[in-house]
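A.B. asks: Pasting a structure below so you can have a look.
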Amino acid sequence: MKKPAAQLPSRTRNALLLGAVAAAAAWTALLGFSLSRSWQEEERQMLALAETEAKTQLQKDLAFRVWATKLGGLYVPVTPETPPNPYMAMIPDRDAKTQSGTDITLYNPATMLRMLMETQSELYGIRARITGEQVLNPVNAPDDWERKALAIVGRTLADYSEVTEVGGVPVLRRMQPMMMEEGCLKCHAWTGIKVGEMRGATDVAIPLAPYRTLKDDAQRLLLTSHGGLWLAGIGFVAFATRRRLSVLAEKHVQEEILRKLNRAIDQSASGIMVTDEEGTIEYVNDRLLDICGYARDELLGQNPRLLKSGETPPETYTEMWQTLAAGREWRGELKNRNRSGEVFWCLESISPILDERRRTTHYVAVIENINERKFAESTIERLAFYDPLTDLPNRRLLHQRMEAAAARCQRNGRQMALLYLDLDRFKVVNDTLGHSAGDQVLKEAAKRLQAALRDSDTLARLGGDEFAVLLEDIGQAEDVTPVAGRIITGMQAPFLVEKKEMFVTTSVGISLYPADASDTEVLVRNADASMYLAKQAGKNTFRFFEDKINRIAIERSHLETDLRRALPAGQLFVEYQPKLSLADRRIYGMEVLVRWQHPEKGLIGPDRFIPVAEEIGEIDRIGEWVLRAACRWTQHWLQAGHALVVSVNVSPAQFRRGNLQATVAEVLQETGLPPAALELEITESALMDDPEASRATLQALRALGISLSIDDFGTGYSSLSHLKQFPVGTLKIDRSFVRDILDDPNDRAIASAVIALARSMRLDVVAEGVETEAQCELLQSLGCNRIQGYLLSRPLTAEDFAAFLAR
């Protein structure tokens, strides 16, 4: 047995005790900092909950007013409880008689809502007030706070909230603007306020007492849990000191101390696991049992690999053990499996416990279930890449898989086939039985088509009654014939829809890559054309693409040759599309767009020649020329007194070259443009090719002082864990989500998710392709703060853009 601590030299003992005191002080400071941050978060959550209730009450009030305004008011019998409204005396048809002679009088939405709140106060809940600078009823005249809020809301046309007091009671007051609509003129035309202008506002006062009670409870829980953790830390320091003083029965002492720690930290909000140096589990707290679903005796003595799902990449574990072997903390995400077999995501922080010789004796893991965060990521991906009706891949995901398959064809010398399918007589089902029956047919058709394919094949729904099938590893065209035959046969059986048999067959067009097409875009066009040939052949059949690719290859060769000469010949030019800030309705910048005016073929869009430029190595020269022209003109406009930020697109090939930072720095110095006036737009897919390299490049660019934006956000798939590490300031919603945002709930959900994500990360959001006021208003209601598109202006030459600024 080792000597007791009292028999150690005093110098050694004092040094150990001093180290223990220092460790206790550091632990106390750390927990104090954590408690302070958590305390502030509870304060913020309290106000956030009150804000949510205020918004809900105001939206309920607004919904009633909008509904009642559209009805034009409500006539009610004249009684002592419902006398004529003296403030509506100016309305000629305020009073009337029914055919039976009953006197009736017209009530406007404000009167209806006031009586509803007065007579049904217990059911209605917190009451909202209507007020304004000009009111019919003096009762609605603004108080001091409302006058201040009206001035602010009148300037911003946005909601305003503030913590204040009403009658000595702390409340959160929130005001939302009320705009003049056609239906409002009946009662408020006398104000002279025009339709679309603000005529007043509604506000609500939310008592903060209930929320403060919740906050106080949470803060008491914080004090309890942090106190427990503090005790656990002090116990750990005592344990470590004890071990240094006495080696006797070391393992027994460790287990005893761990049992004490268990009682102190069992209420932790995070799961905690302690293992020995061999990985044998010695301690788990109650929260970990909740996360994993195991009983304590089922885990103790086991190895943590019991939780492995087999779905975490092996490289993650390799990195983890390399870090721990070096004596450092490892932090990362793992996919584990609970006792019921369900796979869940967790964020783990694993730290080695070292003895005085720097040898690892134990490991401590702090585990958090992050399934909800991962679900949010997967929801964005599914909304962007899958059809909500059939749960099949959509057009975007099919395009990505075609690009990947085309690359594999180039490597292995095999072919792939694209089959375009259109349902015959589907319109008859929709027209006779309705869209619900049509949806039923589409889902059943998806099942039949899937049954005719291999697991490795891709079946996608393109929209409407159109489907597509991607077949890989095809040797020759004849290999596709049996698949097409199974598809035709599988669709010939009748569909039972609403107890009626409906016959819906399919016409199939087939195109092969690279036999029929030089790229996926041509492959799609050829398959679509072949499908129409099948339609013309009588439907319920399939047709292969028969045209030769010589013409396409020749046209591509000519395009490459002409593109090499385009820049020296002065055929390229740039245009500028304005961007609008919705907060103050100010043109704050523009996006520069490159165009090609071909002397024979006319105007050629960038979607056609930019990919060619990337492939033939011309993109660096063109990109630098565009950047220089954009910076030169922007500096000219800055000197003319216009505060603008120019956005320049960077192609994936440019971004991957590695010399982008040097090029940008050179152009800024040459043109004299302030770095803050330049923004580079990089596509989401380009960033995700190599996230670590992308982050380094973005940080180098950001160090120049320029701003960065992710273009076409939502069309690729970026992990939120990567996104938060990119030093970007703006997300751009792709025009494909904006185009049908008014009619397509899927696009609206994606746009809303992107906007919410950006706001949570304090990023600006720019919506591309905004063409109507209705789209603009919806985007603004979702929280989007910037737009560009034809609603403002088409892309303009530099001269026309200068004139646009002058206007």
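Letters A, B, ... mark the chains of the structure tokens in the order given; residue numbers begin at 1 per chain; ligand numbers begin at 1, in order shown.
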Can I get the residues of stretch 135-244 of chain A within 7 Å of stretch 27-44 of chain A, each with the closest pair of atoms and their distance in Å to one decimal, using only C-alpha atoms, sorted chain first then ascending number, as a tab-separated table?

C.D. replies:
residue	atom	partner	partner_atom	distance
A:Lys215	CA	A:Glu42	CA	6.0
A:Gln219	CA	A:Trp39	CA	6.3
A:Leu222	CA	A:Leu35	CA	7.0
A:His226	CA	A:Leu31	CA	6.7
A:Trp230	CA	A:Thr28	CA	6.6
A:Gly233	CA	A:Trp27	CA	6.6

A.B. asks: Set the distance at 10 Å and use only C-alpha atoms: which residues neighbour A:Val163 once local chain neighbours fewer than 6 positions away are removed? I'd like the list as a PyMOL selection string.

C.D. replies: chain A and resi 47+50+170-174+205-208

A.B. asks: Counting only C-alpha atoms, which of A:Val650, A:Ala613, A:Leu638, A:Val274 gets nearest to A:Thr561?

C.D. replies: A:Ala613

A.B. asks: List the spatial neighbours of A:Asp747 as an mmCIF file with N, CA, C and O atoms, in the first residue's frame - criterion: any atom at most 12 Å away, only C-alpha atoms, same-chain residues fewer than 2 positions off excluded.

C.D. replies:
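Output file selection_6.cif follows:
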data_model
loop_
_atom_site.group_PDB
_atom_site.id
_atom_site.type_symbol
_atom_site.label_atom_id
_atom_site.label_comp_id
_atom_site.auth_asym_id
_atom_site.auth_seq_id
_atom_site.Cartn_x
_atom_site.Cartn_y
_atom_site.Cartn_z
ATOM 1 N N ILE A 380 -35.395 20.152 -45.568
ATOM 2 C CA ILE A 380 -35.040 21.062 -46.657
ATOM 3 C C ILE A 380 -34.613 20.270 -47.886
ATOM 4 O O ILE A 380 -34.997 20.574 -49.023
ATOM 5 N N ARG A 382 -35.486 17.136 -48.652
ATOM 6 C CA ARG A 382 -36.610 16.407 -49.265
ATOM 7 C C ARG A 382 -37.521 17.364 -50.018
ATOM 8 O O ARG A 382 -38.019 17.037 -51.090
ATOM 9 N N LEU A 383 -37.757 18.547 -49.462
ATOM 10 C CA LEU A 383 -38.599 19.518 -50.162
ATOM 11 C C LEU A 383 -37.972 19.923 -51.486
ATOM 12 O O LEU A 383 -38.666 20.191 -52.465
ATOM 13 N N ALA A 384 -36.639 19.977 -51.509
ATOM 14 C CA ALA A 384 -35.948 20.437 -52.713
ATOM 15 C C ALA A 384 -35.781 19.337 -53.751
ATOM 16 O O ALA A 384 -35.709 19.633 -54.943
ATOM 17 N N PHE A 385 -35.718 18.061 -53.318
ATOM 18 C CA PHE A 385 -35.315 17.011 -54.241
ATOM 19 C C PHE A 385 -36.336 15.887 -54.430
ATOM 20 O O PHE A 385 -36.082 14.984 -55.214
ATOM 21 N N TYR A 386 -37.471 15.934 -53.742
ATOM 22 C CA TYR A 386 -38.434 14.850 -53.872
ATOM 23 C C TYR A 386 -39.838 15.381 -54.130
ATOM 24 O O TYR A 386 -40.213 16.459 -53.633
ATOM 25 N N ASP A 387 -40.593 14.638 -54.908
ATOM 26 C CA ASP A 387 -41.972 14.987 -55.227
ATOM 27 C C ASP A 387 -42.845 14.652 -54.020
ATOM 28 O O ASP A 387 -42.842 13.511 -53.557
ATOM 29 N N PRO A 388 -43.612 15.616 -53.487
ATOM 30 C CA PRO A 388 -44.377 15.361 -52.262
ATOM 31 C C PRO A 388 -45.525 14.377 -52.444
ATOM 32 O O PRO A 388 -45.941 13.731 -51.486
ATOM 33 N N GLY A 714 -30.584 26.188 -52.073
ATOM 34 C CA GLY A 714 -31.714 25.261 -52.036
ATOM 35 C C GLY A 714 -31.723 24.294 -53.185
ATOM 36 O O GLY A 714 -32.416 23.286 -53.145
ATOM 37 N N THR A 715 -30.920 24.592 -54.269
ATOM 38 C CA THR A 715 -30.891 23.672 -55.411
ATOM 39 C C THR A 715 -29.813 22.619 -55.248
ATOM 40 O O THR A 715 -29.828 21.612 -55.937
ATOM 41 N N ILE A 733 -32.287 32.972 -52.895
ATOM 42 C CA ILE A 733 -33.290 31.947 -53.186
ATOM 43 C C ILE A 733 -33.402 31.813 -54.701
ATOM 44 O O ILE A 733 -33.667 32.780 -55.403
ATOM 45 N N ASP A 734 -33.200 30.605 -55.207
ATOM 46 C CA ASP A 734 -33.205 30.375 -56.647
ATOM 47 C C ASP A 734 -34.569 30.716 -57.246
ATOM 48 O O ASP A 734 -35.619 30.506 -56.638
ATOM 49 N N ARG A 735 -34.543 31.253 -58.481
ATOM 50 C CA ARG A 735 -35.765 31.682 -59.145
ATOM 51 C C ARG A 735 -36.738 30.518 -59.347
ATOM 52 O O ARG A 735 -37.940 30.730 -59.460
ATOM 53 N N SER A 736 -36.242 29.283 -59.378
ATOM 54 C CA SER A 736 -37.131 28.148 -59.579
ATOM 55 C C SER A 736 -38.099 27.990 -58.407
ATOM 56 O O SER A 736 -39.187 27.441 -58.567
ATOM 57 N N PHE A 737 -37.718 28.459 -57.197
ATOM 58 C CA PHE A 737 -38.616 28.399 -56.055
ATOM 59 C C PHE A 737 -39.555 29.601 -56.024
ATOM 60 O O PHE A 737 -40.625 29.536 -55.428
ATOM 61 N N VAL A 738 -39.134 30.720 -56.637
ATOM 62 C CA VAL A 738 -39.929 31.953 -56.607
ATOM 63 C C VAL A 738 -41.013 31.929 -57.678
ATOM 64 O O VAL A 738 -42.110 32.453 -57.484
ATOM 65 N N ARG A 739 -40.715 31.286 -58.817
ATOM 66 C CA ARG A 739 -41.617 31.354 -59.974
ATOM 67 C C ARG A 739 -43.042 30.924 -59.614
ATOM 68 O O ARG A 739 -44.013 31.593 -59.953
ATOM 69 N N ASP A 740 -43.205 29.808 -58.922
ATOM 70 C CA ASP A 740 -44.542 29.286 -58.601
ATOM 71 C C ASP A 740 -44.857 29.400 -57.119
ATOM 72 O O ASP A 740 -45.686 28.653 -56.593
ATOM 73 N N ILE A 741 -44.236 30.349 -56.431
ATOM 74 C CA ILE A 741 -44.381 30.422 -54.978
ATOM 75 C C ILE A 741 -45.812 30.733 -54.557
ATOM 76 O O ILE A 741 -46.252 30.347 -53.477
ATOM 77 N N LEU A 742 -46.578 31.416 -55.413
ATOM 78 C CA LEU A 742 -47.955 31.749 -55.064
ATOM 79 C C LEU A 742 -48.882 30.543 -55.160
ATOM 80 O O LEU A 742 -49.901 30.487 -54.465
ATOM 81 N N ASP A 743 -48.531 29.578 -56.020
ATOM 82 C CA ASP A 743 -49.430 28.449 -56.278
ATOM 83 C C ASP A 743 -48.904 27.126 -55.750
ATOM 84 O O ASP A 743 -49.693 26.199 -55.512
ATOM 85 N N ASP A 744 -47.605 27.008 -55.603
ATOM 86 C CA ASP A 744 -47.004 25.728 -55.233
ATOM 87 C C ASP A 744 -46.604 25.759 -53.753
ATOM 88 O O ASP A 744 -45.638 26.423 -53.376
ATOM 89 N N PRO A 745 -47.348 25.043 -52.886
ATOM 90 C CA PRO A 745 -46.993 25.063 -51.456
ATOM 91 C C PRO A 745 -45.616 24.489 -51.183
ATOM 92 O O PRO A 745 -44.978 24.832 -50.206
ATOM 93 N N ALA A 749 -42.905 26.464 -49.127
ATOM 94 C CA ALA A 749 -42.305 25.889 -47.918
ATOM 95 C C ALA A 749 -40.785 25.966 -47.975
ATOM 96 O O ALA A 749 -40.131 26.261 -46.975
ATOM 97 N N ILE A 750 -40.213 25.704 -49.172
ATOM 98 C CA ILE A 750 -38.757 25.777 -49.315
ATOM 99 C C ILE A 750 -38.281 27.206 -49.083
ATOM 100 O O ILE A 750 -37.321 27.453 -48.350
ATOM 101 N N ALA A 751 -38.955 28.179 -49.728
ATOM 102 C CA ALA A 751 -38.563 29.580 -49.564
ATOM 103 C C ALA A 751 -38.658 29.996 -48.100
ATOM 104 O O ALA A 751 -37.765 30.658 -47.562
ATOM 105 N N SER A 752 -39.741 29.598 -47.436
ATOM 106 C CA SER A 752 -39.921 29.947 -46.029
ATOM 107 C C SER A 752 -38.823 29.333 -45.168
ATOM 108 O O SER A 752 -38.290 29.975 -44.272
ATOM 109 N N ALA A 753 -38.459 28.073 -45.463
ATOM 110 C CA ALA A 753 -37.413 27.406 -44.683
ATOM 111 C C ALA A 753 -36.061 28.091 -44.868
ATOM 112 O O ALA A 753 -35.311 28.278 -43.911
ATOM 113 N N VAL A 754 -35.750 28.464 -46.125
ATOM 114 C CA VAL A 754 -34.474 29.142 -46.395
ATOM 115 C C VAL A 754 -34.425 30.492 -45.688
ATOM 116 O O VAL A 754 -33.415 30.868 -45.083
ATOM 117 N N GLN A 775 -45.839 38.248 -55.631
ATOM 118 C CA GLN A 775 -44.675 37.483 -55.185
ATOM 119 C C GLN A 775 -43.859 38.277 -54.179
ATOM 120 O O GLN A 775 -43.417 37.749 -53.156
ATOM 121 N N LEU A 779 -43.125 37.195 -50.279
ATOM 122 C CA LEU A 779 -41.748 37.013 -49.817
ATOM 123 C C LEU A 779 -41.447 37.930 -48.632
ATOM 124 O O LEU A 779 -40.807 37.521 -47.667
#

A.B. asks: Can you list, as a short mmCIF file (atom, residue, chain, number, x, y, z; two decimals) with C-alpha atoms, in the first residue's frame, every protein, DNA or RNA residue that comes within 8 Å of A:Arg287 when you count only C-alpha atoms, leaving out same-chain residues fewer than 2 positions away?

C.D. replies:
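In the end it all went to result.cif:
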data_model
loop_
_atom_site.label_atom_id
_atom_site.label_comp_id
_atom_site.auth_asym_id
_atom_site.auth_seq_id
_atom_site.Cartn_x
_atom_site.Cartn_y
_atom_site.Cartn_z
CA ASP A 266 -27.60 12.75 -12.94
CA GLN A 267 -29.90 15.74 -13.56
CA SER A 268 -27.71 17.13 -16.34
CA ALA A 269 -29.58 18.14 -19.51
CA SER A 270 -26.97 16.24 -21.54
CA GLY A 271 -26.27 12.53 -21.53
CA ILE A 272 -23.01 11.65 -19.78
CA ASN A 285 -26.63 9.29 -16.13
CA LEU A 289 -30.63 6.33 -20.58
CA ASP A 290 -33.49 8.48 -21.97
CA ILE A 291 -31.55 9.11 -25.17
#

A.B. asks: Identify which of the residues A:Ala460, A:Val441, A:Ala89, A:Leu418 lies closest to A:Ser530, counting only C-alpha atoms when measuring atom-to-atom distances.

C.D. replies: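 Closest residue, counting only C-alpha atoms: A:Leu418.
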
A.B. asks: With DSSP run on the backbone, what are the strand (DSSP E or B) residues within stretch 588-790 of chain A? I'd like them as an mmCIF file with N, CA, C and O atoms, in the first residue's frame.

C.D. replies:
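Okay, this is what ended up in selection39.cif:
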data_model
loop_
_atom_site.group_PDB
_atom_site.id
_atom_site.type_symbol
_atom_site.label_atom_id
_atom_site.label_comp_id
_atom_site.auth_asym_id
_atom_site.auth_seq_id
_atom_site.Cartn_x
_atom_site.Cartn_y
_atom_site.Cartn_z
ATOM 1 N N TYR A 588 -30.049 49.107 -53.678
ATOM 2 C CA TYR A 588 -28.797 49.091 -52.940
ATOM 3 C C TYR A 588 -27.656 48.456 -53.726
ATOM 4 O O TYR A 588 -26.504 48.522 -53.312
ATOM 5 N N GLY A 589 -27.970 47.856 -54.864
ATOM 6 C CA GLY A 589 -26.912 47.209 -55.627
ATOM 7 C C GLY A 589 -27.444 46.595 -56.898
ATOM 8 O O GLY A 589 -28.597 46.817 -57.294
ATOM 9 N N MET A 590 -26.605 45.805 -57.566
ATOM 10 C CA MET A 590 -27.006 45.183 -58.826
ATOM 11 C C MET A 590 -26.146 43.954 -59.051
ATOM 12 O O MET A 590 -25.037 43.852 -58.523
ATOM 13 N N GLU A 591 -26.667 43.038 -59.838
ATOM 14 C CA GLU A 591 -25.922 41.847 -60.246
ATOM 15 C C GLU A 591 -25.458 42.033 -61.683
ATOM 16 O O GLU A 591 -26.237 42.431 -62.546
ATOM 17 N N VAL A 592 -24.194 41.746 -61.916
ATOM 18 C CA VAL A 592 -23.650 41.887 -63.273
ATOM 19 C C VAL A 592 -23.821 40.557 -64.008
ATOM 20 O O VAL A 592 -23.558 39.490 -63.455
ATOM 21 N N LEU A 593 -24.305 40.639 -65.243
ATOM 22 C CA LEU A 593 -24.599 39.451 -66.051
ATOM 23 C C LEU A 593 -23.895 39.581 -67.395
ATOM 24 O O LEU A 593 -23.963 40.632 -68.043
ATOM 25 N N VAL A 594 -23.215 38.515 -67.823
ATOM 26 C CA VAL A 594 -22.467 38.570 -69.078
ATOM 27 C C VAL A 594 -23.336 38.029 -70.206
ATOM 28 O O VAL A 594 -24.098 37.083 -70.032
ATOM 29 N N ARG A 595 -23.227 38.666 -71.379
ATOM 30 C CA ARG A 595 -23.994 38.284 -72.563
ATOM 31 C C ARG A 595 -23.041 38.142 -73.752
ATOM 32 O O ARG A 595 -21.963 38.727 -73.787
ATOM 33 N N TRP A 596 -23.470 37.357 -74.753
ATOM 34 C CA TRP A 596 -22.672 37.147 -75.962
ATOM 35 C C TRP A 596 -23.535 37.490 -77.168
ATOM 36 O O TRP A 596 -24.515 36.812 -77.444
ATOM 37 N N GLN A 597 -23.134 38.547 -77.857
ATOM 38 C CA GLN A 597 -23.822 38.946 -79.093
ATOM 39 C C GLN A 597 -23.051 38.349 -80.265
ATOM 40 O O GLN A 597 -22.091 38.925 -80.772
ATOM 41 N N HIS A 598 -23.494 37.156 -80.702
ATOM 42 C CA HIS A 598 -22.819 36.463 -81.796
ATOM 43 C C HIS A 598 -23.182 37.149 -83.115
ATOM 44 O O HIS A 598 -24.348 37.478 -83.358
ATOM 45 N N GLY A 602 -26.839 35.620 -83.230
ATOM 46 C CA GLY A 602 -27.564 36.533 -82.360
ATOM 47 C C GLY A 602 -27.149 36.389 -80.907
ATOM 48 O O GLY A 602 -26.049 35.947 -80.589
ATOM 49 N N LEU A 603 -28.074 36.766 -80.023
ATOM 50 C CA LEU A 603 -27.774 36.762 -78.591
ATOM 51 C C LEU A 603 -27.762 35.334 -78.050
ATOM 52 O O LEU A 603 -28.718 34.590 -78.203
ATOM 53 N N ILE A 604 -26.648 34.956 -77.396
ATOM 54 C CA ILE A 604 -26.489 33.624 -76.797
ATOM 55 C C ILE A 604 -26.422 33.799 -75.283
ATOM 56 O O ILE A 604 -25.631 34.582 -74.776
ATOM 57 N N VAL A 645 -23.593 48.227 -54.208
ATOM 58 C CA VAL A 645 -22.746 47.038 -54.075
ATOM 59 C C VAL A 645 -22.979 46.179 -55.301
ATOM 60 O O VAL A 645 -24.116 45.812 -55.602
ATOM 61 N N VAL A 646 -21.918 45.883 -56.051
ATOM 62 C CA VAL A 646 -22.056 45.097 -57.272
ATOM 63 C C VAL A 646 -21.794 43.624 -56.961
ATOM 64 O O VAL A 646 -20.875 43.286 -56.233
ATOM 65 N N SER A 647 -22.662 42.759 -57.481
ATOM 66 C CA SER A 647 -22.531 41.312 -57.284
ATOM 67 C C SER A 647 -22.038 40.662 -58.565
ATOM 68 O O SER A 647 -22.624 40.874 -59.632
ATOM 69 N N VAL A 648 -20.954 39.889 -58.449
ATOM 70 C CA VAL A 648 -20.349 39.235 -59.603
ATOM 71 C C VAL A 648 -20.377 37.724 -59.368
ATOM 72 O O VAL A 648 -19.954 37.243 -58.317
ATOM 73 N N ASN A 649 -20.888 36.996 -60.362
ATOM 74 C CA ASN A 649 -20.952 35.539 -60.259
ATOM 75 C C ASN A 649 -19.570 34.924 -60.490
ATOM 76 O O ASN A 649 -18.836 35.356 -61.387
ATOM 77 N N VAL A 650 -19.255 33.925 -59.682
ATOM 78 C CA VAL A 650 -18.010 33.172 -59.837
ATOM 79 C C VAL A 650 -18.380 31.744 -60.218
ATOM 80 O O VAL A 650 -19.125 31.073 -59.498
ATOM 81 N N LEU A 678 -18.029 45.357 -53.295
ATOM 82 C CA LEU A 678 -17.997 44.179 -54.165
ATOM 83 C C LEU A 678 -18.518 42.957 -53.408
ATOM 84 O O LEU A 678 -18.147 42.720 -52.271
ATOM 85 N N GLU A 679 -19.396 42.219 -54.072
ATOM 86 C CA GLU A 679 -19.900 40.955 -53.541
ATOM 87 C C GLU A 679 -19.699 39.871 -54.589
ATOM 88 O O GLU A 679 -20.002 40.068 -55.755
ATOM 89 N N LEU A 680 -19.161 38.726 -54.174
ATOM 90 C CA LEU A 680 -19.009 37.587 -55.069
ATOM 91 C C LEU A 680 -20.099 36.571 -54.761
ATOM 92 O O LEU A 680 -20.362 36.265 -53.605
ATOM 93 N N GLU A 681 -20.730 36.043 -55.818
ATOM 94 C CA GLU A 681 -21.779 35.035 -55.679
ATOM 95 C C GLU A 681 -21.235 33.678 -56.130
ATOM 96 O O GLU A 681 -20.797 33.542 -57.275
ATOM 97 N N ILE A 682 -21.276 32.710 -55.224
ATOM 98 C CA ILE A 682 -20.799 31.351 -55.530
ATOM 99 C C ILE A 682 -21.967 30.399 -55.346
ATOM 100 O O ILE A 682 -22.712 30.494 -54.359
ATOM 101 N N THR A 683 -22.146 29.480 -56.277
ATOM 102 C CA THR A 683 -23.267 28.550 -56.191
ATOM 103 C C THR A 683 -23.064 27.573 -55.049
ATOM 104 O O THR A 683 -21.934 27.250 -54.669
ATOM 105 N N SER A 707 -17.793 41.145 -49.619
ATOM 106 C CA SER A 707 -18.848 40.297 -49.066
ATOM 107 C C SER A 707 -19.089 39.110 -49.983
ATOM 108 O O SER A 707 -18.734 39.130 -51.169
ATOM 109 N N LEU A 708 -19.699 38.058 -49.413
ATOM 110 C CA LEU A 708 -19.889 36.801 -50.137
ATOM 111 C C LEU A 708 -21.340 36.368 -50.044
ATOM 112 O O LEU A 708 -22.008 36.591 -49.029
ATOM 113 N N SER A 709 -21.817 35.733 -51.113
ATOM 114 C CA SER A 709 -23.207 35.289 -51.193
ATOM 115 C C SER A 709 -23.251 33.892 -51.779
ATOM 116 O O SER A 709 -22.463 33.543 -52.657
ATOM 117 N N ILE A 710 -24.192 33.060 -51.250
ATOM 118 C CA ILE A 710 -24.427 31.733 -51.826
ATOM 119 C C ILE A 710 -25.572 31.832 -52.818
ATOM 120 O O ILE A 710 -26.700 32.148 -52.455
ATOM 121 N N ASP A 711 -25.256 31.594 -54.097
ATOM 122 C CA ASP A 711 -26.235 31.726 -55.178
ATOM 123 C C ASP A 711 -27.016 30.427 -55.338
ATOM 124 O O ASP A 711 -26.517 29.338 -55.032
ATOM 125 N N ASP A 712 -28.268 30.551 -55.810
ATOM 126 C CA ASP A 712 -29.132 29.389 -56.097
ATOM 127 C C ASP A 712 -29.280 28.500 -54.875
ATOM 128 O O ASP A 712 -29.300 27.275 -54.987
ATOM 129 N N PHE A 713 -29.397 29.106 -53.665
ATOM 130 C CA PHE A 713 -29.460 28.303 -52.448
ATOM 131 C C PHE A 713 -30.728 27.460 -52.447
ATOM 132 O O PHE A 713 -31.807 27.932 -52.755
ATOM 133 N N THR A 730 -24.998 36.491 -47.287
ATOM 134 C CA THR A 730 -26.280 36.505 -47.996
ATOM 135 C C THR A 730 -26.577 35.131 -48.578
ATOM 136 O O THR A 730 -25.666 34.441 -49.051
ATOM 137 N N LEU A 731 -27.854 34.723 -48.532
ATOM 138 C CA LEU A 731 -28.350 33.555 -49.250
ATOM 139 C C LEU A 731 -29.293 34.043 -50.345
ATOM 140 O O LEU A 731 -30.139 34.902 -50.100
ATOM 141 N N LYS A 732 -29.155 33.501 -51.563
ATOM 142 C CA LYS A 732 -30.043 33.871 -52.668
ATOM 143 C C LYS A 732 -30.980 32.703 -52.956
ATOM 144 O O LYS A 732 -30.537 31.589 -53.219
ATOM 145 N N ILE A 733 -32.287 32.972 -52.895
ATOM 146 C CA ILE A 733 -33.290 31.947 -53.186
ATOM 147 C C ILE A 733 -33.402 31.813 -54.701
ATOM 148 O O ILE A 733 -33.667 32.780 -55.403
ATOM 149 N N ASP A 764 -28.576 38.001 -44.730
ATOM 150 C CA ASP A 764 -29.555 38.618 -45.615
ATOM 151 C C ASP A 764 -30.067 37.582 -46.608
ATOM 152 O O ASP A 764 -29.397 36.583 -46.890
ATOM 153 N N VAL A 765 -31.272 37.827 -47.139
ATOM 154 C CA VAL A 765 -31.876 36.925 -48.119
ATOM 155 C C VAL A 765 -32.271 37.737 -49.345
ATOM 156 O O VAL A 765 -32.950 38.764 -49.221
ATOM 157 N N VAL A 766 -31.833 37.284 -50.528
ATOM 158 C CA VAL A 766 -32.222 37.917 -51.789
ATOM 159 C C VAL A 766 -33.018 36.890 -52.592
ATOM 160 O O VAL A 766 -32.543 35.784 -52.840
ATOM 161 N N ALA A 767 -34.241 37.253 -52.983
ATOM 162 C CA ALA A 767 -35.071 36.378 -53.817
ATOM 163 C C ALA A 767 -34.878 36.762 -55.280
ATOM 164 O O ALA A 767 -35.071 37.922 -55.657
ATOM 165 N N ARG A 786 -34.711 41.327 -49.373
ATOM 166 C CA ARG A 786 -34.159 41.881 -50.609
ATOM 167 C C ARG A 786 -34.651 41.069 -51.811
ATOM 168 O O ARG A 786 -34.837 39.853 -51.688
ATOM 169 N N ILE A 787 -34.861 41.752 -52.949
ATOM 170 C CA ILE A 787 -35.343 41.055 -54.145
ATOM 171 C C ILE A 787 -34.614 41.587 -55.378
ATOM 172 O O ILE A 787 -34.034 42.675 -55.363
ATOM 173 N N GLN A 788 -34.684 40.798 -56.471
ATOM 174 C CA GLN A 788 -34.308 41.257 -57.797
ATOM 175 C C GLN A 788 -35.149 40.480 -58.803
ATOM 176 O O GLN A 788 -35.635 39.394 -58.508
#

A.B. asks: Calculated over only C-alpha atoms, which of the candidates A:Thr489, A:Gln536, A:Gln99, A:Asn526 has the smallest distance to A:Leu449?

C.D. replies: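 Ranking A:Thr489, A:Gln536, A:Gln99, A:Asn526 by distance to A:Leu449, first place goes to A:Thr489.
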
A.B. asks: Quick one: DSSP alpha helix (DSSP H) residues in stretch 544-790 of chain A, as an NGL selection string?

C.D. replies: :A and (550-566 or 606-616 or 619-639 or 652-657 or 660-671 or 684-688 or 691-703 or 720-723 or 735-738 or 745-760 or 773-782)
